Amino acid sequence: MSLKEKIDPTKMPKHIAIIMDGNGRWAKGKGKFRIFGHQTGVSTVKTITEACAEIGVKYLTLYAFSTENWNRPALEVRALMELLVDTMRKELPTLMKNNIRLSFIGNHSDLPAKCQKQLALTMEETKNNTRMDLVLALSYSAKWDLVQAIQKISADTLAGKLKPEEINDTLIDSYLSTHWMPHPELMIRTSGEKRISNFLLWEIAYSELYFTEKLWPDFTKEDLYHAIFDFQNRERRFGKTSEQLSS
Ligand code: IPE
Ligand code: IPE
Ligand code: MG
């Protein structure tokens with residue numbers, strides 16, 4: 001039985017979030033420039049997006065560029081933005097063919113105009129697609145999202161639209177840029193780093209975390225199935241005891 005067949009379709013995570021890490025090290029290991037790693041990483045994005053859609057994942061959020069990544073050398077930042085625009089343009093027909101809707105979370109105004117334009121265009125073109133939501137986190141950080149949510153909550157409270165006692169877990173959810181999707185049940189990080197790097201801090205409160213040594217350009221469909229299989233064999237207790245869950 002293949003690993004794919006071992007996956008239980010009734011226990012599929014609805015939402016998988018991935019910290020795609022290790023492009024630079026992958027390229028360096030081959031004696032190439034970092035950007036070559038990013039280019040190869042795009043192929044992995046295509047493979048994993050297709051695999052997720054095939055097995056019935058409904059939301060796939062990919063951490064593509066963090067707020068902190070603006071501090072990288074200007075040349076790498078520019079190359080990444082160009083790669084992004086290029087990929088969105090080239091992959092539009094595939095998104096349409098596979099019935100995948102592209103969305104975005106992050107600080108839109110920080111992105112170069114060309115990138116904002118291509119993003120808006122791709123989102124508009126794919127907006128009626130229904131098989132899976134592919135969400136790109138771009139110029140995103142969880143702290144940025146929390147700050148903008150708190151600013152809006154404060155403004156609405158001052159304007160009398162909200163009472164302080166109405167601020168609860170659900171209300172905070174509704175002000176985050178991720179308000180329209182369920183929280184990820186599974187978060188994967190490649191490249192062996194065991195940290196969250198400012199990704200979805202609020203939303204992963206109860207996510208299962210999966211770390212793999214594989215560098216992103218080397219991450220395959222089999223690796224994804226492995227992560228899902230591992231997830232399906234964990235006991236998610238949400239504070240309860242094992243005995244409570246089985247009774
Ligand atoms: C992840 O790969 C892609 C981005 C952060 C844009 P890295 O570029 O972080 O690769 P490493 O971690 O340096 O190997
Ligand atoms: C996290 O990767 C951000 C993305 C994958 C886009 P980094 O490689 O930037 O993370 P740190 O800074 O090493 O934690
Ligand atoms: Mg990295």
# chains A, B, ... in the order shown; residues from 1 in each chain; ligands from 1

call {"tool": "residues_near_ligand", "arguments": {"ligand": "ligand 3", "cutoff": "12 Å", "atoms": "only C-alpha atoms and all ligand atoms", "output": "PyMOL selection string"}}
result
chain A and resi 19-27+34+37-38+63-66+68-69+72+189-197+215-216

call {"tool": "write_last_selection", "arguments": {"atoms": "N, CA, C and O atoms", "output": "tab-separated table (two decimals), in the first residue's frame"}}
result
chain	number	residue	atom	x	y	z
A	19	ILE	N	5.69	26.63	6.06
A	19	ILE	CA	6.83	27.54	6.04
A	19	ILE	C	7.85	26.92	5.10
A	19	ILE	O	8.50	25.93	5.43
A	20	MET	N	7.90	27.46	3.89
A	20	MET	CA	8.75	26.88	2.83
A	20	MET	C	10.17	27.39	3.04
A	20	MET	O	10.50	28.49	2.60
A	21	ASP	N	10.99	26.62	3.69
A	21	ASP	CA	12.33	27.13	4.04
A	21	ASP	C	13.43	26.24	3.47
A	21	ASP	O	13.23	25.04	3.29
A	22	GLY	N	14.57	26.85	3.19
A	22	GLY	CA	15.76	26.10	2.79
A	22	GLY	C	16.18	26.28	1.34
A	22	GLY	O	17.11	25.62	0.88
A	23	ASN	N	15.54	27.21	0.63
A	23	ASN	CA	15.91	27.44	-0.78
A	23	ASN	C	17.38	27.86	-0.92
A	23	ASN	O	18.09	27.40	-1.81
A	24	GLY	N	17.79	28.77	-0.04
A	24	GLY	CA	19.15	29.32	-0.11
A	24	GLY	C	20.19	28.24	0.13
A	24	GLY	O	21.16	28.11	-0.64
A	25	ARG	N	19.98	27.45	1.18
A	25	ARG	CA	20.94	26.39	1.50
A	25	ARG	C	20.98	25.33	0.40
A	25	ARG	O	22.03	24.78	0.08
A	26	TRP	N	19.83	25.08	-0.18
A	26	TRP	CA	19.76	24.10	-1.28
A	26	TRP	C	20.64	24.54	-2.44
A	26	TRP	O	21.44	23.77	-2.97
A	27	ALA	N	20.53	25.83	-2.79
A	27	ALA	CA	21.32	26.36	-3.92
A	27	ALA	C	22.81	26.36	-3.56
A	27	ALA	O	23.65	25.94	-4.36
A	34	ARG	N	21.64	31.91	-4.56
A	34	ARG	CA	20.42	31.67	-3.77
A	34	ARG	C	19.16	31.71	-4.63
A	34	ARG	O	18.23	30.94	-4.44
A	37	GLY	N	17.83	28.63	-5.98
A	37	GLY	CA	17.04	27.86	-5.00
A	37	GLY	C	15.59	28.32	-4.97
A	37	GLY	O	14.67	27.51	-4.91
A	38	HIS	N	15.39	29.63	-5.05
A	38	HIS	CA	14.01	30.15	-5.06
A	38	HIS	C	13.27	29.71	-6.33
A	38	HIS	O	12.11	29.35	-6.28
A	63	TYR	N	3.89	30.37	3.26
A	63	TYR	CA	4.66	31.54	3.71
A	63	TYR	C	5.72	31.79	2.64
A	63	TYR	O	6.70	31.06	2.52
A	64	ALA	N	5.50	32.81	1.84
A	64	ALA	CA	6.38	33.07	0.70
A	64	ALA	C	7.38	34.19	0.96
A	64	ALA	O	8.48	34.20	0.41
A	65	PHE	N	6.97	35.17	1.80
A	65	PHE	CA	7.86	36.30	2.08
A	65	PHE	C	7.40	36.97	3.37
A	65	PHE	O	6.27	37.43	3.46
A	66	SER	N	8.29	37.01	4.34
A	66	SER	CA	7.89	37.56	5.64
A	66	SER	C	8.22	39.05	5.73
A	66	SER	O	9.02	39.56	4.94
A	68	GLU	N	10.04	40.30	7.86
A	68	GLU	CA	11.48	40.33	8.17
A	68	GLU	C	12.33	40.10	6.92
A	68	GLU	O	13.48	40.53	6.87
A	69	ASN	N	11.78	39.43	5.91
A	69	ASN	CA	12.55	39.17	4.68
A	69	ASN	C	12.89	40.44	3.91
A	69	ASN	O	13.78	40.43	3.05
A	72	ARG	N	16.59	41.38	3.78
A	72	ARG	CA	17.60	40.64	3.00
A	72	ARG	C	18.28	41.59	1.99
A	72	ARG	O	17.76	42.68	1.72
A	189	ARG	N	7.05	22.81	8.52
A	189	ARG	CA	8.22	23.65	8.18
A	189	ARG	C	9.32	22.75	7.65
A	189	ARG	O	9.68	21.76	8.27
A	190	THR	N	9.86	23.13	6.51
A	190	THR	CA	10.97	22.37	5.93
A	190	THR	C	12.30	22.98	6.39
A	190	THR	O	12.32	24.03	7.03
A	191	SER	N	13.37	22.33	6.09
A	191	SER	CA	14.77	22.78	6.26
A	191	SER	C	15.37	22.55	7.64
A	191	SER	O	16.49	22.99	7.89
A	192	GLY	N	14.65	21.89	8.52
A	192	GLY	CA	15.24	21.53	9.81
A	192	GLY	C	15.16	22.60	10.88
A	192	GLY	O	15.46	22.33	12.04
A	193	GLU	N	14.75	23.83	10.53
A	193	GLU	CA	14.62	24.86	11.57
A	193	GLU	C	13.36	24.58	12.37
A	193	GLU	O	12.32	24.28	11.80
A	194	LYS	N	13.47	24.71	13.69
A	194	LYS	CA	12.30	24.45	14.52
A	194	LYS	C	11.84	25.74	15.17
A	194	LYS	O	11.97	25.96	16.34
A	195	ARG	N	11.34	26.64	14.32
A	195	ARG	CA	10.76	27.88	14.83
A	195	ARG	C	9.64	28.31	13.90
A	195	ARG	O	9.49	27.82	12.79
A	196	ILE	N	8.86	29.28	14.40
A	196	ILE	CA	7.65	29.70	13.69
A	196	ILE	C	7.90	30.95	12.84
A	196	ILE	O	7.14	31.23	11.92
A	197	SER	N	8.95	31.71	13.16
A	197	SER	CA	9.34	32.88	12.36
A	197	SER	C	8.16	33.82	12.05
A	197	SER	O	7.99	34.24	10.90
A	215	LEU	N	14.99	20.17	2.56
A	215	LEU	CA	14.97	21.56	2.13
A	215	LEU	C	13.81	21.72	1.15
A	215	LEU	O	13.47	20.77	0.43
A	216	TRP	N	13.20	22.91	1.10
A	216	TRP	CA	11.98	23.09	0.31
A	216	TRP	C	12.11	22.59	-1.14
A	216	TRP	O	11.23	21.87	-1.63

call {"tool": "select_by_dssp", "arguments": {"residues": "chain A", "states": "strand (DSSP E or B)", "output": "PyMOL selection string"}}
result
chain A and resi 15-19+59-66+100-105+132-140+186-189+208-211

call {"tool": "residues_around", "arguments": {"residues": "range 83-90 of chain A", "least_positions_apart": "4", "cutoff": "7 Å", "atoms": "only C-alpha atoms", "output": "PyMOL selection string"}}
result
chain A and resi 79+115+118+122

call {"tool": "write_last_selection", "arguments": {"atoms": "C-alpha atoms", "output": "JSON list (two decimals), in the first residue's frame"}}
result
[["chain", "number", "residue", "atom", "x", "y", "z"],
["A", 79, "ALA", "CA", 14.69, 38.82, -7.60],
["A", 115, "CYS", "CA", 3.46, 42.81, -7.76],
["A", 118, "GLN", "CA", -0.38, 40.99, -10.79],
["A", 122, "THR", "CA", -4.73, 36.77, -10.44]]

call {"tool": "residues_around", "arguments": {"residues": "Leu3 in chain A", "least_positions_apart": "3", "cutoff": "7 Å", "atoms": "only C-alpha atoms", "output": "list in words"}}
result
Lys6, Ile7, Tyr225 and His226 of chain A

call {"tool": "residues_around", "arguments": {"residues": "range 46-52 of chain A", "least_positions_apart": "2", "cutoff": "8 Å", "atoms": "only C-alpha atoms", "output": "MDAnalysis selection string"}}
result
chainID A and resid 42:44 54:58 60 98 134 220:221 224

call {"tool": "closest_residue", "arguments": {"among": "A:Lys114, A:Lys30, A:Lys97, A:Lys143", "to": "Thr67 in chain A", "atoms": "only C-alpha atoms"}}
result
A:Lys143

call {"tool": "closest_residue", "arguments": {"among": "A:Glu82, A:His108, A:Glu235, A:Ser141", "to": "ligand 2", "atoms": "only C-alpha atoms and all ligand atoms"}}
result
A:Ser141
